[in-house]
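target04.cif, holding mmCIF, C-alpha atoms:
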data_upload
#
loop_
_atom_site.group_PDB
_atom_site.id
_atom_site.type_symbol
_atom_site.label_atom_id
_atom_site.label_comp_id
_atom_site.auth_asym_id
_atom_site.auth_seq_id
_atom_site.Cartn_x
_atom_site.Cartn_y
_atom_site.Cartn_z
ATOM 1 C CA MET A 307 149.969 -67.988 0.617
ATOM 2 C CA SER A 308 148.443 -69.039 3.930
ATOM 3 C CA ARG A 309 145.079 -67.537 4.839
ATOM 4 C CA LYS A 310 144.650 -65.032 7.664
ATOM 5 C CA ARG A 311 143.674 -66.601 10.979
ATOM 6 C CA ASP A 312 140.771 -65.138 12.884
ATOM 7 C CA LYS A 313 140.760 -64.321 16.596
ATOM 8 C CA LEU A 314 139.227 -67.629 17.643
ATOM 9 C CA GLU A 315 141.875 -69.570 15.741
ATOM 10 C CA VAL A 316 144.742 -67.526 17.212
ATOM 11 C CA ILE A 317 143.415 -68.152 20.732
ATOM 12 C CA TYR A 318 143.225 -71.866 19.945
ATOM 13 C CA ASP A 319 146.811 -71.873 18.619
ATOM 14 C CA ILE A 320 148.191 -70.072 21.687
ATOM 15 C CA LEU A 321 146.391 -72.373 24.121
ATOM 16 C CA LEU A 322 147.461 -75.461 22.181
ATOM 17 C CA ASN A 323 151.086 -74.277 22.227
ATOM 18 C CA ILE A 324 150.976 -73.848 25.984
ATOM 19 C CA LYS A 325 149.286 -77.227 26.474
ATOM 20 C CA GLU A 326 151.834 -79.013 24.286
ATOM 21 C CA LYS A 327 154.597 -77.558 26.439
ATOM 22 C CA LYS A 328 153.234 -79.545 29.397
ATOM 23 C CA GLY A 329 150.756 -76.803 30.237
ATOM 24 C CA LYS A 330 153.340 -74.083 30.927
ATOM 25 C CA ALA A 331 155.215 -71.841 28.516
ATOM 26 C CA ASN A 332 157.190 -68.619 28.555
ATOM 27 C CA PRO A 333 156.280 -65.667 26.270
ATOM 28 C CA THR A 334 159.256 -66.299 23.933
ATOM 29 C CA HIS A 335 158.107 -69.860 23.244
ATOM 30 C CA ILE A 336 154.524 -68.722 22.653
ATOM 31 C CA LEU A 337 155.724 -65.891 20.399
ATOM 32 C CA TYR A 338 157.881 -68.250 18.359
ATOM 33 C CA ARG A 339 155.151 -70.869 17.936
ATOM 34 C CA SER A 340 152.122 -68.640 17.486
ATOM 35 C CA ASN A 341 153.486 -66.551 14.611
ATOM 36 C CA LEU A 342 152.379 -63.187 16.020
ATOM 37 C CA SER A 343 154.097 -59.846 16.504
ATOM 38 C CA TYR A 344 155.187 -59.006 20.052
ATOM 39 C CA SER A 345 152.491 -56.358 20.511
ATOM 40 C CA MET A 346 149.764 -58.627 19.133
ATOM 41 C CA LEU A 347 150.847 -61.426 21.427
ATOM 42 C CA GLN A 348 150.681 -59.092 24.437
ATOM 43 C CA GLU A 349 147.109 -58.146 23.478
ATOM 44 C CA TYR A 350 146.115 -61.787 23.135
ATOM 45 C CA LEU A 351 147.749 -62.775 26.420
ATOM 46 C CA GLN A 352 145.880 -59.978 28.230
ATOM 47 C CA ASP A 353 142.659 -61.160 26.601
ATOM 48 C CA LEU A 354 143.301 -64.765 27.622
ATOM 49 C CA LEU A 355 144.089 -63.686 31.198
ATOM 50 C CA ARG A 356 140.811 -61.712 31.274
ATOM 51 C CA ARG A 357 138.880 -64.756 30.092
ATOM 52 C CA ARG A 358 140.777 -66.861 32.676
ATOM 53 C CA PHE A 359 141.991 -69.259 30.000
ATOM 54 C CA ILE A 360 145.589 -68.843 31.240
ATOM 55 C CA LYS A 361 147.370 -67.882 34.480
ATOM 56 C CA GLU A 362 150.485 -65.773 34.814
ATOM 57 C CA GLU A 363 153.221 -66.775 37.235
ATOM 58 C CA ARG A 364 156.645 -65.349 37.928
ATOM 59 C CA ILE A 365 159.411 -67.879 38.308
ATOM 60 C CA LYS A 366 162.887 -66.464 38.922
ATOM 61 C CA ASP A 367 161.653 -63.080 37.703
ATOM 62 C CA LYS A 368 160.464 -64.548 34.409
ATOM 63 C CA LYS A 369 156.854 -64.673 33.260
ATOM 64 C CA ILE A 370 155.380 -68.121 32.755
ATOM 65 C CA TYR A 371 151.898 -68.725 31.394
ATOM 66 C CA SER A 372 149.979 -71.857 32.300
ATOM 67 C CA ILE A 373 146.730 -73.128 30.856
ATOM 68 C CA THR A 374 143.738 -73.210 33.250
ATOM 69 C CA LYS A 375 140.823 -75.639 33.407
ATOM 70 C CA GLU A 376 138.708 -73.124 31.434
ATOM 71 C CA GLY A 377 141.435 -72.995 28.782
ATOM 72 C CA GLU A 378 141.484 -76.803 28.559
ATOM 73 C CA ILE A 379 137.696 -76.867 28.144
ATOM 74 C CA PHE A 380 137.988 -74.264 25.344
ATOM 75 C CA LEU A 381 140.464 -76.536 23.530
ATOM 76 C CA LEU A 382 138.165 -79.539 23.930
ATOM 77 C CA LYS A 383 135.110 -77.652 22.679
ATOM 78 C CA TYR A 384 136.909 -75.661 19.988
ATOM 79 C CA LYS A 385 135.360 -77.577 17.076
ATOM 80 C CA GLU A 386 131.856 -77.006 18.428
ATOM 81 C CA ILE A 387 132.540 -73.301 19.092
ATOM 82 C CA ARG A 388 134.100 -72.952 15.633
ATOM 83 C CA ASP A 389 131.075 -74.532 13.928
ATOM 84 C CA PHE A 390 128.652 -72.395 15.905
ATOM 85 C CA VAL A 391 130.500 -69.130 15.270
ATOM 86 C CA ASP A 392 130.935 -69.877 11.555
ATOM 87 C CA SER A 393 127.266 -70.784 11.179
ATOM 88 C CA PHE A 394 125.520 -68.187 13.319
ATOM 89 C CA VAL A 395 127.713 -65.354 14.495
ATOM 90 C CA THR A 396 129.941 -64.853 11.377
ATOM 91 C CA MET B 245 90.903 -48.988 15.799
ATOM 92 C CA ASP B 246 93.597 -50.277 13.468
ATOM 93 C CA ILE B 247 93.841 -53.721 11.850
ATOM 94 C CA LEU B 248 97.191 -55.350 12.565
ATOM 95 C CA TYR B 249 96.575 -58.268 10.231
ATOM 96 C CA LYS B 250 93.829 -60.363 8.673
ATOM 97 C CA ILE B 251 93.805 -64.127 9.219
ATOM 98 C CA PRO B 252 91.898 -66.651 7.101
ATOM 99 C CA SER B 253 89.525 -68.531 9.415
ATOM 100 C CA TRP B 254 90.910 -71.934 8.375
ATOM 101 C CA PHE B 255 94.395 -70.833 9.476
ATOM 102 C CA SER B 256 93.279 -69.721 12.935
ATOM 103 C CA GLY B 257 94.813 -72.075 15.485
ATOM 104 C CA TYR B 258 97.530 -73.255 13.099
ATOM 105 C CA ASP B 259 99.110 -69.814 13.379
ATOM 106 C CA SER B 260 99.419 -70.224 17.150
ATOM 107 C CA LEU B 261 101.043 -73.645 16.638
ATOM 108 C CA PHE B 262 103.554 -72.052 14.250
ATOM 109 C CA GLN B 263 104.290 -69.275 16.737
ATOM 110 C CA ILE B 264 104.805 -71.706 19.627
ATOM 111 C CA LEU B 265 107.141 -73.731 17.416
ATOM 112 C CA PHE B 266 109.127 -70.566 16.531
ATOM 113 C CA ALA B 267 109.310 -69.702 20.245
ATOM 114 C CA ILE B 268 110.640 -73.176 21.137
ATOM 115 C CA ILE B 269 113.261 -73.145 18.356
ATOM 116 C CA ALA B 270 114.397 -69.603 19.225
ATOM 117 C CA LEU B 271 114.639 -70.574 22.913
ATOM 118 C CA PHE B 272 116.639 -73.675 22.010
ATOM 119 C CA VAL B 273 119.033 -71.576 19.875
ATOM 120 C CA SER B 274 119.387 -69.066 22.723
ATOM 121 C CA GLY B 275 120.150 -71.819 25.274
ATOM 122 C CA TYR B 276 122.697 -73.488 23.015
ATOM 123 C CA ALA B 277 124.368 -70.127 22.268
ATOM 124 C CA TYR B 278 124.598 -69.455 26.002
ATOM 125 C CA LYS B 279 126.271 -72.832 26.500
ATOM 126 C CA ILE B 280 128.815 -71.926 23.797
ATOM 127 C CA TYR B 281 129.293 -68.482 25.385
ATOM 128 C CA LYS B 282 130.089 -70.069 28.773
ATOM 129 C CA VAL B 283 132.970 -71.971 27.176
ATOM 130 C CA SER B 284 134.215 -69.377 24.676
ATOM 131 C CA LYS B 285 133.469 -66.215 26.714
ATOM 132 C CA ARG B 286 132.911 -64.293 23.474
ATOM 133 C CA LYS B 287 130.705 -61.230 23.883
ATOM 134 C CA GLU B 288 129.113 -61.647 20.432
ATOM 135 C CA ILE B 289 127.819 -65.090 21.383
ATOM 136 C CA LYS B 290 126.293 -63.697 24.590
ATOM 137 C CA LEU B 291 124.532 -60.999 22.541
ATOM 138 C CA PHE B 292 123.329 -63.654 20.097
ATOM 139 C CA SER B 293 121.899 -65.685 22.978
ATOM 140 C CA ILE B 294 120.122 -62.615 24.426
ATOM 141 C CA ALA B 295 118.750 -61.700 20.981
ATOM 142 C CA PHE B 296 117.181 -65.124 20.459
ATOM 143 C CA LEU B 297 115.809 -65.135 23.996
ATOM 144 C CA LEU B 298 114.038 -61.821 23.268
ATOM 145 C CA ILE B 299 112.752 -63.170 19.940
ATOM 146 C CA SER B 300 111.504 -66.321 21.678
ATOM 147 C CA LEU B 301 109.661 -64.231 24.295
ATOM 148 C CA SER B 302 108.053 -62.203 21.529
ATOM 149 C CA TYR B 303 106.773 -65.348 19.807
ATOM 150 C CA MET B 304 105.374 -66.576 23.131
ATOM 151 C CA ALA B 305 103.218 -63.432 23.273
ATOM 152 C CA TRP B 306 101.948 -63.811 19.710
ATOM 153 C CA PRO B 307 99.278 -66.492 20.393
ATOM 154 C CA LEU B 308 97.965 -64.229 23.175
ATOM 155 C CA ILE B 309 97.321 -61.513 20.575
ATOM 156 C CA THR B 310 95.174 -63.927 18.578
ATOM 157 C CA LEU B 311 93.443 -64.992 21.777
ATOM 158 C CA PHE B 312 92.653 -61.508 23.092
ATOM 159 C CA ALA B 313 92.535 -59.239 20.050
ATOM 160 C CA SER B 314 90.988 -61.190 17.162
ATOM 161 C CA PHE B 315 87.519 -60.426 15.845
ATOM 162 C CA PRO B 316 85.599 -61.936 12.925
ATOM 163 C CA VAL B 317 85.281 -59.686 9.885
ATOM 164 C CA GLY B 318 83.113 -61.403 7.313
ATOM 165 C CA LYS B 319 82.662 -65.163 6.915
ATOM 166 C CA GLU B 320 86.159 -66.340 6.135
ATOM 167 C CA THR B 321 88.383 -63.845 7.901
ATOM 168 C CA LEU B 322 89.472 -62.904 11.391
ATOM 169 C CA ALA B 323 91.157 -59.579 12.065
ATOM 170 C CA ILE B 324 93.617 -58.704 14.773
ATOM 171 C CA MET B 325 92.628 -55.237 15.874
ATOM 172 C CA ILE B 326 94.246 -52.821 18.228
ATOM 173 C CA GLU B 327 91.619 -51.344 20.460
ATOM 174 C CA LYS B 328 93.016 -49.258 23.306
ATOM 175 C CA SER B 329 90.198 -50.363 25.649
ATOM 176 C CA ASN B 330 91.224 -54.005 25.186
ATOM 177 C CA ILE B 331 94.001 -53.959 27.765
ATOM 178 C CA ALA B 332 94.998 -57.660 27.522
ATOM 179 C CA GLY B 333 95.183 -57.525 23.725
ATOM 180 C CA THR B 334 97.060 -54.229 23.662
ATOM 181 C CA LEU B 335 99.563 -55.486 26.273
ATOM 182 C CA ALA B 336 100.136 -58.697 24.284
ATOM 183 C CA ILE B 337 100.808 -56.647 21.143
ATOM 184 C CA ILE B 338 103.178 -54.261 22.968
ATOM 185 C CA PHE B 339 104.982 -57.245 24.536
ATOM 186 C CA HIS B 340 105.308 -59.057 21.178
ATOM 187 C CA VAL B 341 106.417 -56.018 19.182
ATOM 188 C CA THR B 342 108.866 -54.685 21.778
ATOM 189 C CA PHE B 343 110.618 -58.004 22.368
ATOM 190 C CA PHE B 344 110.759 -58.816 18.654
ATOM 191 C CA LEU B 345 112.238 -55.453 17.665
ATOM 192 C CA MET B 346 114.661 -55.503 20.633
ATOM 193 C CA GLY B 347 115.788 -59.012 19.653
ATOM 194 C CA LEU B 348 116.451 -57.905 16.086
ATOM 195 C CA LEU B 349 118.182 -54.759 17.304
ATOM 196 C CA THR B 350 120.489 -56.895 19.462
ATOM 197 C CA LEU B 351 121.394 -58.972 16.393
ATOM 198 C CA VAL B 352 122.096 -55.786 14.415
ATOM 199 C CA TYR B 353 124.187 -54.385 17.280
ATOM 200 C CA MET B 354 126.147 -57.648 17.446
ATOM 201 C CA ASN B 355 127.160 -57.132 13.806
ATOM 202 C CA LEU B 356 128.354 -53.557 14.295
ATOM 203 C CA LYS B 357 132.105 -53.078 14.421
ATOM 204 C CA GLU B 358 131.953 -50.367 17.075
ATOM 205 C CA LYS B 359 130.093 -51.514 20.171
ATOM 206 C CA ASN B 360 129.319 -49.409 23.187
ATOM 207 C CA ARG B 361 126.421 -49.232 25.591
ATOM 208 C CA ARG B 362 125.427 -45.691 24.627
ATOM 209 C CA THR B 363 124.945 -46.709 20.988
ATOM 210 C CA TYR B 364 122.794 -49.642 22.097
ATOM 211 C CA ALA B 365 120.777 -47.431 24.473
ATOM 212 C CA LEU B 366 120.151 -44.837 21.753
ATOM 213 C CA LEU B 367 119.028 -47.472 19.239
ATOM 214 C CA ALA B 368 116.843 -49.152 21.893
ATOM 215 C CA VAL B 369 115.066 -45.867 22.707
ATOM 216 C CA LEU B 370 114.412 -45.249 18.998
ATOM 217 C CA ILE B 371 113.086 -48.783 18.551
ATOM 218 C CA LEU B 372 110.794 -48.461 21.577
ATOM 219 C CA LEU B 373 109.527 -45.162 20.208
ATOM 220 C CA ILE B 374 108.719 -46.859 16.907
ATOM 221 C CA ALA B 375 106.941 -49.660 18.797
ATOM 222 C CA ILE B 376 104.754 -47.123 20.620
ATOM 223 C CA ILE B 377 103.998 -45.046 17.493
ATOM 224 C CA GLY B 378 103.463 -48.300 15.592
ATOM 225 C CA LEU B 379 100.411 -49.131 17.704
ATOM 226 C CA ASP B 380 98.495 -46.582 15.624
ATOM 227 C CA LYS B 381 100.234 -47.283 12.322
ATOM 228 C CA THR B 382 101.033 -50.980 12.478
ATOM 229 C CA TYR B 383 102.773 -51.201 9.103
ATOM 230 C CA ILE B 384 105.554 -49.080 10.678
ATOM 231 C CA ILE B 385 106.358 -51.983 13.014
ATOM 232 C CA TYR B 386 106.826 -54.448 10.156
ATOM 233 C CA ILE B 387 108.689 -51.957 7.979
ATOM 234 C CA THR B 388 111.084 -51.429 10.922
ATOM 235 C CA SER B 389 111.527 -55.163 11.495
ATOM 236 C CA SER B 390 112.074 -55.672 7.736
ATOM 237 C CA ILE B 391 114.792 -52.998 7.738
ATOM 238 C CA LEU B 392 116.500 -54.595 10.753
ATOM 239 C CA ILE B 393 116.328 -58.081 9.205
ATOM 240 C CA PHE B 394 117.597 -56.701 5.902
ATOM 241 C CA PHE B 395 120.615 -55.223 7.712
ATOM 242 C CA ILE B 396 121.362 -58.620 9.307
ATOM 243 C CA LEU B 397 120.853 -60.399 5.968
ATOM 244 C CA TYR B 398 123.153 -57.938 4.194
ATOM 245 C CA HIS B 399 125.856 -58.521 6.822
ATOM 246 C CA HIS B 400 125.575 -62.316 6.417
ATOM 247 C CA LEU B 401 125.669 -62.065 2.610
ATOM 248 C CA LYS B 402 128.726 -59.805 2.743
ATOM 249 C CA GLU B 403 130.516 -62.222 5.076
ATOM 250 C CA TYR B 404 129.535 -65.153 2.876
ATOM 251 C CA ARG B 405 130.905 -63.443 -0.238
ATOM 252 C CA GLN B 406 134.177 -62.722 1.543
ATOM 253 C CA LYS B 407 134.718 -66.069 3.249
ATOM 254 C CA ARG B 408 132.850 -68.461 0.931
ATOM 255 C CA ASN B 409 132.191 -70.618 3.971
ATOM 256 C CA THR B 410 129.315 -73.007 3.245
ATOM 257 C CA LYS B 411 128.610 -73.330 6.974
ATOM 258 C CA MET B 412 127.143 -69.817 6.805
ATOM 259 C CA LEU B 413 124.706 -70.644 4.039
ATOM 260 C CA PRO B 414 121.722 -72.147 5.975
ATOM 261 C CA VAL B 415 121.551 -69.256 8.452
ATOM 262 C CA THR B 416 122.044 -66.667 5.680
ATOM 263 C CA LEU B 417 119.152 -68.281 3.789
ATOM 264 C CA ALA B 418 117.128 -68.351 7.021
ATOM 265 C CA PHE B 419 117.505 -64.583 7.385
ATOM 266 C CA GLY B 420 116.458 -64.260 3.743
ATOM 267 C CA PHE B 421 113.232 -66.142 4.498
ATOM 268 C CA LEU B 422 112.687 -64.154 7.701
ATOM 269 C CA PHE B 423 112.999 -61.006 5.590
ATOM 270 C CA LEU B 424 110.381 -62.283 3.133
ATOM 271 C CA GLY B 425 108.129 -63.247 6.052
ATOM 272 C CA SER B 426 108.454 -59.802 7.564
ATOM 273 C CA LEU B 427 107.727 -58.137 4.199
ATOM 274 C CA ASP B 428 104.593 -60.267 3.891
ATOM 275 C CA LEU B 429 103.345 -59.110 7.272
ATOM 276 C CA ILE B 430 103.531 -55.455 6.146
ATOM 277 C CA PHE B 431 100.640 -56.226 3.790
ATOM 278 C CA ALA B 432 98.803 -58.637 6.089
ATOM 279 C CA ASP B 433 96.287 -55.938 7.019
ATOM 280 C CA THR B 434 95.029 -55.888 3.417
ATOM 281 C CA GLN B 435 94.843 -59.585 2.343
ATOM 282 C CA ASN B 436 94.619 -62.533 4.712
ATOM 283 C CA LEU B 437 96.893 -64.747 2.578
ATOM 284 C CA TYR B 438 99.868 -62.504 3.331
ATOM 285 C CA TYR B 439 99.568 -63.599 6.961
ATOM 286 C CA VAL B 440 99.752 -67.279 5.920
ATOM 287 C CA GLY B 441 102.649 -66.544 3.544
ATOM 288 C CA GLY B 442 104.527 -64.711 6.294
ATOM 289 C CA HIS B 443 104.169 -67.709 8.610
ATOM 290 C CA LEU B 444 105.291 -70.167 5.920
ATOM 291 C CA PHE B 445 108.414 -68.133 5.139
ATOM 292 C CA MET B 446 109.213 -67.925 8.848
ATOM 293 C CA LEU B 447 108.671 -71.681 9.216
ATOM 294 C CA ILE B 448 111.244 -72.357 6.478
ATOM 295 C CA ALA B 449 113.645 -69.937 8.212
ATOM 296 C CA TYR B 450 113.351 -71.650 11.600
ATOM 297 C CA ILE B 451 113.642 -75.126 10.073
ATOM 298 C CA LEU B 452 116.916 -74.021 8.440
ATOM 299 C CA ILE B 453 118.191 -72.614 11.758
ATOM 300 C CA LEU B 454 117.171 -75.727 13.688
ATOM 301 C CA GLY B 455 118.660 -77.984 11.005
ATOM 302 C CA ARG B 456 122.019 -76.228 11.239
ATOM 303 C CA LEU B 457 122.017 -76.475 15.025
ATOM 304 C CA ILE B 458 121.179 -80.192 14.962
ATOM 305 C CA TYR B 459 123.967 -80.718 12.425
ATOM 306 C CA ILE B 460 126.493 -79.038 14.763
ATOM 307 C CA MET B 461 125.302 -81.121 17.714
ATOM 308 C CA LYS B 462 125.522 -84.356 15.707
ATOM 309 C CA ASN B 463 129.049 -83.460 14.623
ATOM 310 C CA VAL B 464 130.078 -83.019 18.247
ATOM 311 C CA LYS B 465 128.621 -86.417 19.163
ATOM 312 C CA LYS B 466 130.380 -88.071 16.196
ATOM 313 C CA LYS B 467 133.692 -86.604 17.329
ATOM 314 C CA ARG B 468 133.234 -88.162 20.761
#
Full structure transcribed into structure tokens:
Amino acid sequence: MSRKRDKLEVIYDILLNIKEKKGKANPTHILYRSNLSYSMLQEYLQDLLRRRFIKEERIKDKKIYSITKEGEIFLLKYKEIRDFVDSFVT
Amino acid sequence: MDILYKIPSWFSGYDSLFQILFAIIALFVSGYAYKIYKVSKRKEIKLFSIAFLLISLSYMAWPLITLFASFPVGKETLAIMIEKSNIAGTLAIIFHVTFFLMGLLTLVYMNLKEKNRRTYALLAVLILLIAIIGLDKTYIIYITSSILIFFILYHHLKEYRQKRNTKMLPVTLAFGFLFLGSLDLIFADTQNLYYVGGHLFMLIAYILILGRLIYIMKNVKKKR
């Protein structure tokens, strides 16, 4: 049985999925790849928009999410953030 | 006039060095946490950074207490005494106690599941009240800080038992040593060796914290 991911890990997975799709992905793709329920994904996407890790665009009436510079930096520094959170913040 | 703690004469001066070292390490931890917060934008990390900044400020005030409020009692012992007419000494004590308890409170608040500003404000008022009352009954200050540290330690131990993540171990141990150090200071108004013991426990705690931080930084460099 796979272990439960924490919030930080889910954010990392979503951002990585978007990045691997050339930096832009639609909600269906993110939903499929991130292994979350629809409502959970919506919560995470709102959270990521608030943190400015992703941007929302509308192309032909469809939502597209693209990774921002802040989101890219998060991906780069993930290991360091992970280590710090695991060690100090719990 | 109330004795805050007794210091063996031979330890006078070394204690200030310890306290400056604690202040530098706590400031370093706070700065690094802020850097991590800027990238992760996680509220808990911001609170952690603020908490260590407050703790660092409190340690910066500690040598001033020794400077302004210590008096010889007998041949081998100095005593830190709270005398209301000694404004500089009293201010240094208020500054140290308030910032230390507020720093610990912020760490406790960070570990609470439900977070809102009113809860924090209520706890802060209670802590400040204790700090003011504690000027007459100093053991209250250290009992309060021991309770706060115990709460943080309990949270870390619980998390460690659940996750079994060895990365958590050094900081969990550090809070254990901080707890012992704080317990020692409760009795430091009776025997001067408790004051030395308290500092030694705290030194071990800060070395563990610094060691963990250096390890994380080295790991990042290795990755690059």
Taking all atoms of region 293-304 of chain B that the file lists and extending 6 Å past them on each side, where is the centre of the axis-aligned box and how long are its edges? Answer in Å to one decimal, as lines of an AutoDock Vina configuration file.
center_x = 113.6
center_y = -64.1
center_z = 22.1
size_x = 28.5
size_y = 16.9
size_z = 16.6
For this session: Give me, please, the distance in Å between CA of Phe296 (chain B) and CA of Asp312 (chain A), quoted to one decimal.
Result: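 Pair CA of Phe296 (chain B) / CA of Asp312 (chain A) returns 24.8 Å.
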Exercise. Do you have the CA of His340 (chain B)-CA of Leu417 (chain B) distance handy?
Worked result: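 Separation between CA of His340 (chain B) and CA of Leu417 (chain B): 24.1 Å.
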Using all atoms listed in the file, what does the table of chain B residues within 9 Å of chain A look like, with each row giving the shortest atom pair and its distance in Å to one decimal, sorted by chain and ascending number, as CSV?
residue,atom,partner,partner_atom,distance
B:Ala277,CA,A:Phe390,CA,8.0
B:Ile280,CA,A:Ile387,CA,6.2
B:Tyr281,CA,A:Ile387,CA,8.6
B:Val283,CA,A:Phe380,CA,5.8
B:Ser284,CA,A:Phe380,CA,6.2
B:Lys285,CA,A:Arg357,CA,6.5
B:Arg286,CA,A:Arg357,CA,8.9
B:Glu288,CA,A:Val395,CA,7.1
B:Ile289,CA,A:Val395,CA,6.9
B:Phe292,CA,A:Val395,CA,7.3
B:Met354,CA,A:Val395,CA,8.4
B:Asn355,CA,A:Val395,CA,8.3
B:His399,CA,A:Thr396,CA,8.8
B:His400,CA,A:Thr396,CA,7.1
B:Glu403,CA,A:Thr396,CA,6.9
B:Tyr404,CA,A:Thr396,CA,8.5
B:Asn409,CA,A:Asp392,CA,7.7
B:Thr410,CA,A:Ser393,CA,8.5
B:Lys411,CA,A:Ser393,CA,5.1
B:Met412,CA,A:Ser393,CA,4.5
B:Leu413,CA,A:Ser393,CA,7.6
B:Pro414,CA,A:Ser393,CA,7.7
B:Val415,CA,A:Phe394,CA,6.4
B:Thr416,CA,A:Phe394,CA,8.5
B:Ile453,CA,A:Phe394,CA,8.7
B:Arg456,CA,A:Ser393,CA,7.6
B:Leu457,CA,A:Phe390,CA,7.8
B:Ile460,CA,A:Asp389,CA,6.5
B:Met461,CA,A:Glu386,CA,7.8
B:Asn463,CA,A:Glu386,CA,8.0
B:Val464,CA,A:Glu386,CA,6.3
Selection: 12 Å around Lys368 (chain A), only C-alpha atoms, excl. self and same-chain fewer than 4 positions, as an mmCIF file with C-alpha atoms, in the frame of the given file:
data_model
loop_
_atom_site.group_PDB
_atom_site.id
_atom_site.type_symbol
_atom_site.label_atom_id
_atom_site.label_comp_id
_atom_site.auth_asym_id
_atom_site.auth_seq_id
_atom_site.Cartn_x
_atom_site.Cartn_y
_atom_site.Cartn_z
ATOM 1 C CA ALA A 331 155.215 -71.841 28.516
ATOM 2 C CA ASN A 332 157.190 -68.619 28.555
ATOM 3 C CA PRO A 333 156.280 -65.667 26.270
ATOM 4 C CA THR A 334 159.256 -66.299 23.933
ATOM 5 C CA GLU A 362 150.485 -65.773 34.814
ATOM 6 C CA GLU A 363 153.221 -66.775 37.235
ATOM 7 C CA ARG A 364 156.645 -65.349 37.928
#
Problem set entry | Point-to-point distance in Å for CA of Leu297 (chain B) and CA of Phe395 (chain B) | 19.7 Å
Exercise. If you count only C-alpha atoms, which residues fall within 6 Å of region 315-325 of chain B, apart from same-chain ones fewer than 2 positions away, as JSON, numbers by chain?
Worked result: {"B": [246, 247, 248, 249, 250, 251, 252, 253, 313]}
For this session: Point out the residue among A:Tyr344, A:Tyr338, A:Gly329, A:Glu349 with the least atom-to-atom distance to Ile370 (chain A), counting only C-alpha atoms.
Result: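 So, comparing all the options, the nearest one is A:Gly329.
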Exercise. Which one is closest to Ile376 (chain B): B:Thr334, B:Tyr353, B:Leu308, B:Ser260? Count all atoms listed in the file.
Worked result: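 Among the listed residues, B:Thr334 lies closest to Ile376 (chain B).
Nearest residue to Lys375 (chain A) among A:Tyr318, A:Lys325, A:Lys313, A:Ile336 is A:Lys325, counting all atoms listed in the file.
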Exercise. Could you pull the residues within 9 Å of Leu447 (chain B), counting all atoms listed in the file, minus those fewer than 4 positions along the same chain, as JSON, numbers by chain?
Worked result: {"B": [262, 265, 266, 421, 422, 442, 443, 451, 452]}
What does the file look like for those residues with C-alpha atoms, as an mmCIF file, keeping the file's coordinate frame?
data_model
loop_
_atom_site.group_PDB
_atom_site.id
_atom_site.type_symbol
_atom_site.label_atom_id
_atom_site.label_comp_id
_atom_site.auth_asym_id
_atom_site.auth_seq_id
_atom_site.Cartn_x
_atom_site.Cartn_y
_atom_site.Cartn_z
ATOM 1 C CA PHE B 262 103.554 -72.052 14.250
ATOM 2 C CA LEU B 265 107.141 -73.731 17.416
ATOM 3 C CA PHE B 266 109.127 -70.566 16.531
ATOM 4 C CA PHE B 421 113.232 -66.142 4.498
ATOM 5 C CA LEU B 422 112.687 -64.154 7.701
ATOM 6 C CA GLY B 442 104.527 -64.711 6.294
ATOM 7 C CA HIS B 443 104.169 -67.709 8.610
ATOM 8 C CA ILE B 451 113.642 -75.126 10.073
ATOM 9 C CA LEU B 452 116.916 -74.021 8.440
#
Problem set entry | For Leu373 (chain B), the nearest of the candidates B:Thr388, B:Asn360, B:Thr310, B:Thr350, counting all atoms listed in the file |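 Checking each candidate against Leu373 (chain B), we get B:Thr388 as the closest.
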Problem set entry | Evaluate the PyMOL selection byres ((chain B and resi 391) around 12) and report residues as a PyMOL selection string | chain B and resi 345+348-349+352+371+384-390+392-398+419+422-424+426-427+430
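Close contacts of Lys361 (chain A), defined as residues with an atom at most 7 Å away when counting all atoms listed in the file, with chain neighbours fewer than 6 positions off set aside, comprise Leu355, Tyr371, Ser372, Ile373 and Thr374 of chain A.
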Problem set entry | Shell of 8 Å around Ser340 (chain A), only C-alpha atoms, local chain residues under 3 positions omitted, as a list in words |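 Surrounding residues, per the criterion: Val316, Asp319, Ile320, Asn323, Ile336 and Leu337 of chain A.
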